[in-house]
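As stored in upload_37.cif (mmCIF, C-alpha atoms and all ligand atoms):
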data_model
#
loop_
_atom_site.group_PDB
_atom_site.id
_atom_site.type_symbol
_atom_site.label_atom_id
_atom_site.label_comp_id
_atom_site.auth_asym_id
_atom_site.auth_seq_id
_atom_site.Cartn_x
_atom_site.Cartn_y
_atom_site.Cartn_z
ATOM 1 C CA MET K 27 0.000 0.000 0.000
ATOM 2 C CA LYS K 28 2.655 2.457 0.981
ATOM 3 C CA ASN K 29 4.447 2.020 -2.304
ATOM 4 C CA LEU K 30 1.210 2.591 -4.119
ATOM 5 C CA VAL K 31 0.494 5.754 -2.197
ATOM 6 C CA CYS K 32 4.044 6.976 -2.688
ATOM 7 C CA ALA K 33 3.822 6.354 -6.397
ATOM 8 C CA LEU K 34 0.530 8.203 -6.636
ATOM 9 C CA PHE K 35 1.926 11.180 -4.810
ATOM 10 C CA MET K 36 5.014 11.356 -6.955
ATOM 11 C CA PHE K 37 3.183 11.000 -10.228
ATOM 12 C CA SER K 38 0.414 13.336 -9.307
ATOM 13 C CA LEU K 39 2.326 16.158 -7.773
ATOM 14 C CA PHE K 40 5.243 16.409 -10.086
ATOM 15 C CA MET K 41 4.194 14.987 -13.418
ATOM 16 C CA THR K 42 3.882 17.825 -15.893
ATOM 17 C CA GLY K 43 5.040 16.374 -19.186
ATOM 18 C CA CYS K 44 2.787 15.930 -22.202
ATOM 19 C CA SER K 45 3.041 13.782 -25.285
ATOM 20 C CA GLN K 46 0.733 11.763 -27.472
ATOM 21 C CA TYR K 47 -1.809 9.535 -25.775
ATOM 22 C CA GLU K 48 -3.691 6.659 -27.336
ATOM 23 C CA HIS K 49 -7.377 6.798 -28.103
ATOM 24 C CA ARG K 50 -8.410 3.424 -26.810
ATOM 25 C CA ILE K 51 -11.997 4.102 -25.939
ATOM 26 C CA SER K 52 -14.989 5.619 -27.627
ATOM 27 C CA THR K 53 -14.892 9.373 -27.530
ATOM 28 C CA LYS K 54 -17.280 12.049 -28.525
ATOM 29 C CA SER K 55 -16.319 15.669 -28.543
ATOM 30 C CA SER K 56 -18.845 18.221 -27.478
ATOM 31 C CA SER K 57 -19.436 21.860 -28.232
ATOM 32 C CA ASN K 58 -21.801 22.228 -25.277
ATOM 33 C CA LYS K 59 -20.156 25.511 -24.361
ATOM 34 C CA SER K 60 -21.725 27.601 -21.674
ATOM 35 C CA THR K 61 -23.026 31.035 -22.353
ATOM 36 C CA GLY K 62 -22.290 31.836 -18.727
ATOM 37 C CA ASN K 63 -25.924 32.702 -18.089
ATOM 38 C CA TYR K 64 -27.111 32.306 -14.556
ATOM 39 C CA VAL K 65 -30.063 29.944 -14.418
ATOM 40 C CA GLY K 66 -31.189 29.190 -10.881
ATOM 41 C CA SER K 67 -34.615 27.793 -11.689
ATOM 42 C CA VAL K 68 -33.666 24.107 -11.918
ATOM 43 C CA PRO K 69 -34.357 22.120 -8.712
ATOM 44 C CA LEU K 70 -30.808 20.898 -8.080
ATOM 45 C CA LYS K 71 -29.465 19.186 -4.974
ATOM 46 C CA LEU K 72 -25.805 19.501 -3.972
ATOM 47 C CA TYR K 73 -24.414 16.840 -1.620
ATOM 48 C CA THR K 74 -20.949 17.043 -0.053
ATOM 49 C CA PHE K 75 -19.064 13.839 0.774
ATOM 50 C CA ASN K 76 -15.984 13.370 2.931
ATOM 51 C CA CYS K 77 -13.548 11.683 0.538
ATOM 52 C CA GLY K 78 -10.592 11.634 2.891
ATOM 53 C CA ASN K 79 -8.301 13.633 5.108
ATOM 54 C CA ILE K 80 -4.791 14.895 4.400
ATOM 55 C CA GLU K 81 -2.409 16.072 7.089
ATOM 56 C CA VAL K 82 0.462 18.174 5.830
ATOM 57 C CA SER K 83 3.576 18.464 7.978
ATOM 58 C CA ASP K 84 4.997 21.369 5.949
ATOM 59 C CA PHE K 85 2.953 23.538 3.595
ATOM 60 C CA ASP K 86 6.038 24.890 1.828
ATOM 61 C CA ALA K 87 5.068 23.047 -1.370
ATOM 62 C CA PHE K 88 1.787 24.990 -1.423
ATOM 63 C CA SER K 89 3.314 28.418 -2.084
ATOM 64 C CA SER K 90 5.891 29.261 -4.729
ATOM 65 C CA ASN K 91 6.482 32.421 -2.688
ATOM 66 C CA GLY K 92 8.171 30.408 0.056
ATOM 67 C CA ASP K 93 6.039 31.944 2.786
ATOM 68 C CA TYR K 94 4.382 28.710 3.954
ATOM 69 C CA ALA K 95 7.635 26.999 4.929
ATOM 70 C CA GLY K 96 7.402 25.163 8.218
ATOM 71 C CA GLN K 97 3.622 25.519 8.574
ATOM 72 C CA GLY K 98 1.742 22.316 9.325
ATOM 73 C CA GLY K 99 -1.966 21.706 9.049
ATOM 74 C CA LYS K 100 -4.839 19.693 7.696
ATOM 75 C CA LEU K 101 -6.741 19.587 4.436
ATOM 76 C CA VAL K 102 -10.125 18.013 4.047
ATOM 77 C CA ASN K 103 -10.780 16.154 0.818
ATOM 78 C CA THR K 104 -14.257 16.391 -0.654
ATOM 79 C CA CYS K 105 -16.365 14.910 -3.425
ATOM 80 C CA TYR K 106 -19.723 16.271 -4.545
ATOM 81 C CA LEU K 107 -22.922 14.907 -6.019
ATOM 82 C CA ILE K 108 -25.160 17.204 -8.020
ATOM 83 C CA ARG K 109 -28.634 15.812 -8.588
ATOM 84 C CA HIS K 110 -30.380 17.331 -11.613
ATOM 85 C CA PRO K 111 -33.745 16.236 -13.033
ATOM 86 C CA GLU K 112 -31.877 15.020 -16.122
ATOM 87 C CA GLY K 113 -29.212 13.042 -14.243
ATOM 88 C CA ASP K 114 -26.616 12.871 -11.481
ATOM 89 C CA LEU K 115 -23.077 14.239 -11.661
ATOM 90 C CA ILE K 116 -20.228 13.171 -9.371
ATOM 91 C CA TRP K 117 -17.559 15.859 -9.071
ATOM 92 C CA ASP K 118 -14.136 14.547 -7.970
ATOM 93 C CA LEU K 119 -13.308 11.048 -6.793
ATOM 94 C CA GLY K 120 -11.310 11.470 -3.604
ATOM 95 C CA LEU K 121 -8.486 9.440 -2.107
ATOM 96 C CA PRO K 122 -8.042 5.779 -3.117
ATOM 97 C CA HIS K 123 -10.722 3.561 -1.577
ATOM 98 C CA SER K 124 -8.001 1.010 -0.851
ATOM 99 C CA LEU K 125 -7.115 3.254 2.115
ATOM 100 C CA VAL K 126 -10.353 2.326 3.904
ATOM 101 C CA GLY K 127 -9.612 0.139 6.910
ATOM 102 C CA SER K 128 -5.898 0.950 6.889
ATOM 103 C CA GLU K 129 -3.894 3.022 9.272
ATOM 104 C CA PRO K 130 -3.158 6.529 7.928
ATOM 105 C CA GLN K 131 -0.518 6.280 5.207
ATOM 106 C CA ILE K 132 2.545 8.504 5.497
ATOM 107 C CA ASP K 133 4.607 9.719 2.587
ATOM 108 C CA GLY K 134 6.947 12.635 3.030
ATOM 109 C CA ILE K 135 4.946 15.675 4.123
ATOM 110 C CA PHE K 136 1.582 13.913 3.688
ATOM 111 C CA THR K 137 -0.461 11.607 5.910
ATOM 112 C CA VAL K 138 -3.634 10.415 4.188
ATOM 113 C CA SER K 139 -6.649 8.497 5.414
ATOM 114 C CA LEU K 140 -10.131 7.571 4.252
ATOM 115 C CA LYS K 141 -13.013 6.304 6.368
ATOM 116 C CA SER K 142 -15.644 5.356 3.791
ATOM 117 C CA PRO K 143 -15.672 4.705 0.056
ATOM 118 C CA LEU K 144 -18.095 6.598 -2.192
ATOM 119 C CA THR K 145 -20.156 3.422 -2.576
ATOM 120 C CA ASP K 146 -21.014 3.544 1.155
ATOM 121 C CA LEU K 147 -21.593 7.297 1.116
ATOM 122 C CA LEU K 148 -24.000 7.006 -1.815
ATOM 123 C CA GLU K 149 -25.775 4.115 -0.153
ATOM 124 C CA LYS K 150 -26.651 6.404 2.753
ATOM 125 C CA ILE K 151 -28.774 8.458 0.369
ATOM 126 C CA ASP K 152 -30.196 5.350 -1.304
ATOM 127 C CA LEU K 153 -28.049 5.492 -4.420
ATOM 128 C CA THR K 154 -25.570 3.126 -6.001
ATOM 129 C CA VAL K 155 -22.741 3.975 -8.390
ATOM 130 C CA THR K 156 -24.795 2.593 -11.267
ATOM 131 C CA ASP K 157 -27.403 5.302 -10.636
ATOM 132 C CA ILE K 158 -24.850 8.000 -11.507
ATOM 133 C CA GLU K 159 -24.941 9.149 -15.136
ATOM 134 C CA PHE K 160 -22.044 11.640 -15.241
ATOM 135 C CA MET K 161 -18.638 11.979 -13.593
ATOM 136 C CA SER K 162 -16.035 14.707 -13.832
ATOM 137 C CA ILE K 163 -12.816 15.493 -11.965
ATOM 138 C CA SER K 164 -11.398 18.945 -11.361
ATOM 139 C CA HIS K 165 -7.995 17.518 -12.295
ATOM 140 C CA SER K 166 -6.062 14.296 -12.254
ATOM 141 C CA HIS K 167 -4.044 14.505 -9.027
ATOM 142 C CA PHE K 168 -4.218 11.439 -6.790
ATOM 143 C CA ASP K 169 -6.608 12.951 -4.246
ATOM 144 C CA HIS K 170 -9.243 13.649 -6.917
ATOM 145 C CA THR K 171 -9.098 10.377 -8.846
ATOM 146 C CA GLY K 172 -8.728 7.700 -6.167
ATOM 147 C CA GLN K 173 -12.097 5.979 -6.551
ATOM 148 C CA ALA K 174 -12.458 5.996 -10.330
ATOM 149 C CA SER K 175 -12.557 2.219 -10.514
ATOM 150 C CA LEU K 176 -15.875 2.232 -8.606
ATOM 151 C CA PHE K 177 -17.550 3.983 -11.547
ATOM 152 C CA SER K 178 -17.582 1.718 -14.580
ATOM 153 C CA ASP K 179 -20.871 2.850 -16.076
ATOM 154 C CA VAL K 180 -20.711 6.658 -16.113
ATOM 155 C CA GLU K 181 -20.117 9.186 -18.857
ATOM 156 C CA TRP K 182 -16.808 10.848 -18.028
ATOM 157 C CA LEU K 183 -16.817 14.569 -18.841
ATOM 158 C CA VAL K 184 -13.201 15.600 -19.339
ATOM 159 C CA HIS K 185 -11.347 18.627 -20.627
ATOM 160 C CA GLU K 186 -9.333 17.565 -23.653
ATOM 161 C CA ASP K 187 -6.085 19.012 -22.226
ATOM 162 C CA GLU K 188 -6.490 17.032 -18.992
ATOM 163 C CA LEU K 189 -7.208 13.877 -20.943
ATOM 164 C CA GLU K 190 -4.024 14.301 -22.934
ATOM 165 C CA HIS K 191 -2.093 15.031 -19.737
ATOM 166 C CA MET K 192 -3.447 11.899 -18.035
ATOM 167 C CA PHE K 193 -2.255 9.600 -20.810
ATOM 168 C CA SER K 194 0.927 11.387 -21.807
ATOM 169 C CA THR K 195 3.473 8.987 -20.311
ATOM 170 C CA ASP K 196 3.656 5.289 -19.483
ATOM 171 C CA GLU K 197 3.588 6.190 -15.789
ATOM 172 C CA SER K 198 0.541 8.416 -16.078
ATOM 173 C CA LYS K 199 -1.235 5.830 -18.214
ATOM 174 C CA ALA K 200 -0.655 3.251 -15.498
ATOM 175 C CA GLN K 201 -1.850 5.660 -12.818
ATOM 176 C CA ASN K 202 -5.055 6.440 -14.714
ATOM 177 C CA ILE K 203 -5.885 2.942 -15.886
ATOM 178 C CA ALA K 204 -9.280 3.054 -14.109
ATOM 179 C CA PHE K 205 -10.434 5.731 -16.558
ATOM 180 C CA VAL K 206 -9.585 3.786 -19.697
ATOM 181 C CA GLY K 207 -12.784 1.801 -20.023
ATOM 182 C CA LEU K 208 -15.159 4.716 -19.501
ATOM 183 C CA ASN K 209 -17.275 6.344 -22.165
ATOM 184 C CA LYS K 210 -16.352 9.958 -22.291
ATOM 185 C CA THR K 211 -17.307 13.357 -23.587
ATOM 186 C CA THR K 212 -14.399 15.716 -24.160
ATOM 187 C CA PHE K 213 -14.596 19.476 -24.264
ATOM 188 C CA SER K 214 -12.477 22.588 -24.453
ATOM 189 C CA GLU K 215 -13.311 25.923 -22.795
ATOM 190 C CA ASN K 216 -16.375 25.618 -20.498
ATOM 191 C CA TYR K 217 -18.923 22.802 -20.560
ATOM 192 C CA ASP K 218 -22.611 23.172 -19.746
ATOM 193 C CA VAL K 219 -23.394 19.712 -18.346
ATOM 194 C CA PHE K 220 -27.174 19.650 -18.786
ATOM 195 C CA GLY K 221 -27.465 22.320 -21.480
ATOM 196 C CA ASP K 222 -29.529 24.672 -19.324
ATOM 197 C CA GLY K 223 -26.789 26.711 -17.631
ATOM 198 C CA SER K 224 -27.458 25.188 -14.215
ATOM 199 C CA VAL K 225 -24.232 23.169 -13.877
ATOM 200 C CA VAL K 226 -21.161 24.380 -15.753
ATOM 201 C CA ILE K 227 -17.639 22.958 -15.754
ATOM 202 C CA LEU K 228 -15.269 25.931 -15.912
ATOM 203 C CA GLU K 229 -11.937 25.801 -17.693
ATOM 204 C CA MET K 230 -9.365 27.001 -15.124
ATOM 205 C CA PRO K 231 -6.003 25.697 -16.393
ATOM 206 C CA GLY K 232 -2.596 25.988 -14.801
ATOM 207 C CA HIS K 233 -2.564 23.718 -11.750
ATOM 208 C CA THR K 234 -2.733 20.989 -14.379
ATOM 209 C CA PRO K 235 -3.153 21.568 -18.146
ATOM 210 C CA GLY K 236 -6.899 20.926 -18.121
ATOM 211 C CA HIS K 237 -7.774 21.864 -14.550
ATOM 212 C CA THR K 238 -11.435 22.814 -14.066
ATOM 213 C CA ALA K 239 -13.776 24.294 -11.455
ATOM 214 C CA LEU K 240 -17.526 23.831 -11.179
ATOM 215 C CA GLN K 241 -20.386 26.336 -11.156
ATOM 216 C CA VAL K 242 -23.667 25.113 -9.672
ATOM 217 C CA ASN K 243 -26.625 27.487 -9.777
ATOM 218 C CA LEU K 244 -28.851 26.498 -6.891
ATOM 219 C CA PHE K 245 -32.459 27.611 -6.653
ATOM 220 C CA GLU K 246 -32.415 28.634 -2.982
ATOM 221 C CA SER K 247 -28.720 28.949 -2.126
ATOM 222 C CA GLY K 248 -27.759 30.791 -5.309
ATOM 223 C CA PRO K 249 -24.632 30.252 -7.391
ATOM 224 C CA ILE K 250 -21.888 28.085 -5.901
ATOM 225 C CA LEU K 251 -18.338 27.812 -7.224
ATOM 226 C CA LEU K 252 -16.346 24.692 -6.339
ATOM 227 C CA THR K 253 -12.691 25.597 -6.782
ATOM 228 C CA GLY K 254 -11.102 22.268 -7.601
ATOM 229 C CA ASP K 255 -7.495 22.954 -6.548
ATOM 230 C CA LEU K 256 -7.287 26.477 -7.949
ATOM 231 C CA TYR K 257 -6.925 27.203 -4.231
ATOM 232 C CA HIS K 258 -6.108 24.676 -1.508
ATOM 233 C CA ARG K 259 -7.127 26.773 1.503
ATOM 234 C CA ALA K 260 -8.583 30.149 2.415
ATOM 235 C CA GLU K 261 -5.155 31.692 2.843
ATOM 236 C CA SER K 262 -4.169 30.618 -0.675
ATOM 237 C CA ARG K 263 -7.132 32.517 -2.104
ATOM 238 C CA LYS K 264 -6.635 35.592 0.029
ATOM 239 C CA LEU K 265 -2.922 35.820 -0.805
ATOM 240 C CA GLN K 266 -3.255 34.374 -4.343
ATOM 241 C CA ARG K 267 -0.637 31.722 -3.667
ATOM 242 C CA VAL K 268 0.306 29.143 -6.285
ATOM 243 C CA PRO K 269 1.711 25.741 -5.228
ATOM 244 C CA ARG K 270 5.139 24.616 -6.318
ATOM 245 C CA PHE K 271 3.472 21.469 -7.726
ATOM 246 C CA ASN K 272 1.763 23.272 -10.555
ATOM 247 C CA THR K 273 2.027 22.916 -14.314
ATOM 248 C CA ASN K 274 2.045 26.591 -15.307
ATOM 249 C CA GLU K 275 2.098 29.399 -12.729
ATOM 250 C CA SER K 276 1.201 32.273 -15.059
ATOM 251 C CA GLN K 277 -1.701 30.236 -16.420
ATOM 252 C CA THR K 278 -2.865 29.547 -12.855
ATOM 253 C CA ARG K 279 -2.714 33.261 -12.062
ATOM 254 C CA GLY K 280 -4.816 33.968 -15.156
ATOM 255 C CA SER K 281 -7.351 31.391 -13.982
ATOM 256 C CA MET K 282 -7.452 33.030 -10.548
ATOM 257 C CA ILE K 283 -8.281 36.364 -12.153
ATOM 258 C CA ALA K 284 -11.016 34.803 -14.318
ATOM 259 C CA PHE K 285 -12.408 32.889 -11.345
ATOM 260 C CA GLU K 286 -12.569 35.953 -9.091
ATOM 261 C CA ARG K 287 -14.195 38.007 -11.843
ATOM 262 C CA LEU K 288 -16.878 35.352 -12.264
ATOM 263 C CA ALA K 289 -17.385 34.977 -8.507
ATOM 264 C CA THR K 290 -17.966 38.729 -8.249
ATOM 265 C CA GLU K 291 -20.262 38.854 -11.285
ATOM 266 C CA LEU K 292 -22.393 36.016 -9.945
ATOM 267 C CA GLY K 293 -22.213 36.983 -6.307
ATOM 268 C CA ALA K 294 -21.271 33.331 -5.861
ATOM 269 C CA ARG K 295 -20.488 31.405 -2.712
ATOM 270 C CA VAL K 296 -16.991 29.984 -3.175
ATOM 271 C CA ILE K 297 -16.206 26.555 -1.719
ATOM 272 C CA ILE K 298 -12.508 25.722 -1.503
ATOM 273 C CA GLN K 299 -12.711 21.956 -1.676
ATOM 274 C CA HIS K 300 -9.766 21.285 0.677
ATOM 275 C CA GLU K 301 -10.640 24.068 3.159
ATOM 276 C CA ALA K 302 -12.145 22.683 6.376
ATOM 277 C CA ILE K 303 -13.851 25.980 7.250
ATOM 278 C CA ASP K 304 -15.727 26.080 3.926
ATOM 279 C CA VAL K 305 -16.674 22.416 4.073
ATOM 280 C CA ALA K 306 -17.826 22.561 7.712
ATOM 281 C CA ARG K 307 -20.498 25.076 6.673
ATOM 282 C CA LEU K 308 -21.988 22.669 4.142
ATOM 283 C CA PRO K 309 -24.765 20.242 5.089
ATOM 284 C CA LYS K 310 -23.706 16.663 5.758
ATOM 285 C CA PRO K 311 -25.567 13.899 3.896
ATOM 286 C CA PRO K 312 -28.379 13.038 3.897
ATOM 287 C CA ARG K 313 -28.820 16.796 3.998
ATOM 288 C CA PHE K 314 -27.944 18.858 0.944
ATOM 289 C CA LEU K 315 -27.900 22.377 -0.451
ATOM 290 C CA LYS K 316 -30.692 23.285 -2.821
HETATM 291 ZN ZN ZN K 401 -6.373 18.226 -4.194
#

As structure tokens - that is how I would like this structure written.
Amino acid sequence: MKNLVCALFMFSLFMTGCSQYEHRISTKSSSNKSTGNYVGSVPLKLYTFNCGNIEVSDFDAFSSNGDYAGQGGKLVNTCYLIRHPEGDLIWDLGLPHSLVGSEPQIDGIFTVSLKSPLTDLLEKIDLTVTDIEFMSISHSHFDHTGQASLFSDVEWLVHEDELEHMFSTDESKAQNIAFVGLNKTTFSENYDVFGDGSVVILEMPGHTPGHTALQVNLFESGPILLTGDLYHRAESRKLQRVPRFNTNESQTRGSMIAFERLATELGARVIIQHEAIDVARLPKPPRFLK
């Protein structure tokens, strides 16, 4: 297990190369680009799942500025389910479910643990993985892809640059093998999941080549923006800090500007997916935001 976790960390955090990948599965490309219109009239439900915990002994890697050196702390790791009348979308896939039942795994600055797999978390709201029509990940780092093998029957919505990144080397191909058998829809720019502006995957590149965030326009709670890993914690957003493990810093800074502009335009509630303070304010299943 430890070797597996180590390998995942190394590949995920520091792999930035790109080359040709093989098309081995059926692919359709979509031009379902969002107009950016705010539509809050669809009766959506947004569930938040605990998909693991990450203790960090030294946050230095999380700021290229060098100002986090020596700081320790915790990150929560979250997955989300958006229920739409036309289907269900899982956003991010957490830490590897093989961690369940194990002692916390230590690798360098990280200690990771997971209490329950997504199968159990879905079961608590009377769903199984086969009920889920759509799946998307903010990006392909280990803590967002760990339970992909549980979802064999979903349509994977993936930015074409992230797809290329995920299958660019033999190592990354091996790491992402669980995604190979999935049907997928690829997109560039933004992607309007249900075609009504209610759930929009936002192109926010830089952390990885095809990194994305998610806009969810809730009827009662208003627009929500899930950050992916554009920011890892509140301090990162406030200070606009970019991690050292990042594909393209200037691209990330451009995404931060675009994200903040959109958040202001929408008056959106921003959820930093690894930030315990943000996550603690969200309802725990079976409760949800609507
Ligand atoms: Zn992450």

Could you give me, as number ranges by chain, the residues within 8 Å of K:Gly98, counting all atoms listed in the file and dropping anything in the same chain fewer than 4 positions from it? K: 81-85

- For K:Asp152, which of K:Thr104, K:Tyr257, K:Pro312, K:Asp304 is the closest residue, counting all atoms listed in the file?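 Of all the options, K:Pro312 lies closest to K:Asp152.
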
Output the residue selection produced by the PyMOL selection byres (((chain K and resi 115) around 6) and not hetatm) on the file above, formatted as a ChimeraX atom specification. /K:107-108,114,116,160-161

Item to check | Hits from the PyMOL selection byres (((chain K and resi 131-135) around 7) and not hetatm), listed as a PyMOL selection string | outcome: chain K and resi 28+32+82-84+129-130+136-139

Per residue of chain K within 8 Å of ligand ZN 401 (chain K), what are the shortest atom pair and its distance in Å to one decimal, counting only C-alpha atoms and all ligand atoms, with rows by chain and residue number, as JSON lines?
{"residue": "K:Asn103", "atom": "CA", "partner": "K:ZN401", "partner_atom": "ZN", "distance": 7.0}
{"residue": "K:His167", "atom": "CA", "partner": "K:ZN401", "partner_atom": "ZN", "distance": 6.5}
{"residue": "K:Phe168", "atom": "CA", "partner": "K:ZN401", "partner_atom": "ZN", "distance": 7.6}
{"residue": "K:Asp169", "atom": "CA", "partner": "K:ZN401", "partner_atom": "ZN", "distance": 5.3}
{"residue": "K:His170", "atom": "CA", "partner": "K:ZN401", "partner_atom": "ZN", "distance": 6.0}
{"residue": "K:Gly254", "atom": "CA", "partner": "K:ZN401", "partner_atom": "ZN", "distance": 7.1}
{"residue": "K:Asp255", "atom": "CA", "partner": "K:ZN401", "partner_atom": "ZN", "distance": 5.4}
{"residue": "K:His258", "atom": "CA", "partner": "K:ZN401", "partner_atom": "ZN", "distance": 7.0}
{"residue": "K:Gln299", "atom": "CA", "partner": "K:ZN401", "partner_atom": "ZN", "distance": 7.8}
{"residue": "K:His300", "atom": "CA", "partner": "K:ZN401", "partner_atom": "ZN", "distance": 6.7}

Excluding same-chain residues fewer than 6 positions from K:Ala284, what lies within 10 Å of it counting all atoms listed in the file, as a PyMOL selection string? chain K and resi 228-230+278

Q | Shell around K:Ser162 at 7 Å using all atoms listed in the file, local window under 5 positions removed, as a list in words | A |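 What passes the distance filter is Ile116, Trp117, Asp118, Trp182, Leu183 and Val184 of chain K.
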
Computed gap from atom CA of K:Leu121 to atom CA of K:Leu176 is 12.2 Å

* Rounded to one decimal place, report the atom CA of K:Lys210-atom CA of K:Lys141 distance in Å. =>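 We find that atom CA of K:Lys210 and atom CA of K:Lys141 lie 29.1 Å from each other.
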
Near-K:Thr234 list (12 Å; all atoms listed in the file; drop same-chain fewer than 6 positions) as a PDB file with C-alpha atoms, in the coordinates of the input:
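Full text of result-v5.pdb as output:
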ATOM      1  CA  SER K  38       0.414  13.336  -9.307  1.00  0.00           C
ATOM      2  CA  LEU K  39       2.326  16.158  -7.773  1.00  0.00           C
ATOM      3  CA  PHE K  40       5.243  16.409 -10.086  1.00  0.00           C
ATOM      4  CA  MET K  41       4.194  14.987 -13.418  1.00  0.00           C
ATOM      5  CA  THR K  42       3.882  17.825 -15.893  1.00  0.00           C
ATOM      6  CA  GLY K  43       5.040  16.374 -19.186  1.00  0.00           C
ATOM      7  CA  CYS K  44       2.787  15.930 -22.202  1.00  0.00           C
ATOM      8  CA  ILE K 163     -12.816  15.493 -11.965  1.00  0.00           C
ATOM      9  CA  SER K 164     -11.398  18.945 -11.361  1.00  0.00           C
ATOM     10  CA  HIS K 165      -7.995  17.518 -12.295  1.00  0.00           C
ATOM     11  CA  SER K 166      -6.062  14.296 -12.254  1.00  0.00           C
ATOM     12  CA  HIS K 167      -4.044  14.505  -9.027  1.00  0.00           C
ATOM     13  CA  HIS K 185     -11.347  18.627 -20.627  1.00  0.00           C
ATOM     14  CA  GLU K 186      -9.333  17.565 -23.653  1.00  0.00           C
ATOM     15  CA  ASP K 187      -6.085  19.012 -22.226  1.00  0.00           C
ATOM     16  CA  GLU K 188      -6.490  17.032 -18.992  1.00  0.00           C
ATOM     17  CA  LEU K 189      -7.208  13.877 -20.943  1.00  0.00           C
ATOM     18  CA  GLU K 190      -4.024  14.301 -22.934  1.00  0.00           C
ATOM     19  CA  HIS K 191      -2.093  15.031 -19.737  1.00  0.00           C
ATOM     20  CA  MET K 192      -3.447  11.899 -18.035  1.00  0.00           C
ATOM     21  CA  GLY K 254     -11.102  22.268  -7.601  1.00  0.00           C
ATOM     22  CA  ASP K 255      -7.495  22.954  -6.548  1.00  0.00           C
ATOM     23  CA  LEU K 256      -7.287  26.477  -7.949  1.00  0.00           C
ATOM     24  CA  VAL K 268       0.306  29.143  -6.285  1.00  0.00           C
ATOM     25  CA  PRO K 269       1.711  25.741  -5.228  1.00  0.00           C
ATOM     26  CA  ARG K 270       5.139  24.616  -6.318  1.00  0.00           C
ATOM     27  CA  PHE K 271       3.472  21.469  -7.726  1.00  0.00           C
ATOM     28  CA  ASN K 272       1.763  23.272 -10.555  1.00  0.00           C
ATOM     29  CA  THR K 273       2.027  22.916 -14.314  1.00  0.00           C
ATOM     30  CA  ASN K 274       2.045  26.591 -15.307  1.00  0.00           C
ATOM     31  CA  GLU K 275       2.098  29.399 -12.729  1.00  0.00           C
ATOM     32  CA  SER K 276       1.201  32.273 -15.059  1.00  0.00           C
ATOM     33  CA  GLN K 277      -1.701  30.236 -16.420  1.00  0.00           C
ATOM     34  CA  THR K 278      -2.865  29.547 -12.855  1.00  0.00           C
ATOM     35  CA  SER K 281      -7.351  31.391 -13.982  1.00  0.00           C
TER      36      SER K 281
END

Rank K:Gln241, K:Asn76, K:Asn209, K:Gln97 by their smallest atom-to-atom distance to K:Leu144, using only C-alpha atoms, and report the top residue only.
->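 Nearest candidate to K:Leu144 out of K:Gln241, K:Asn76, K:Asn209, K:Gln97: K:Asn76.
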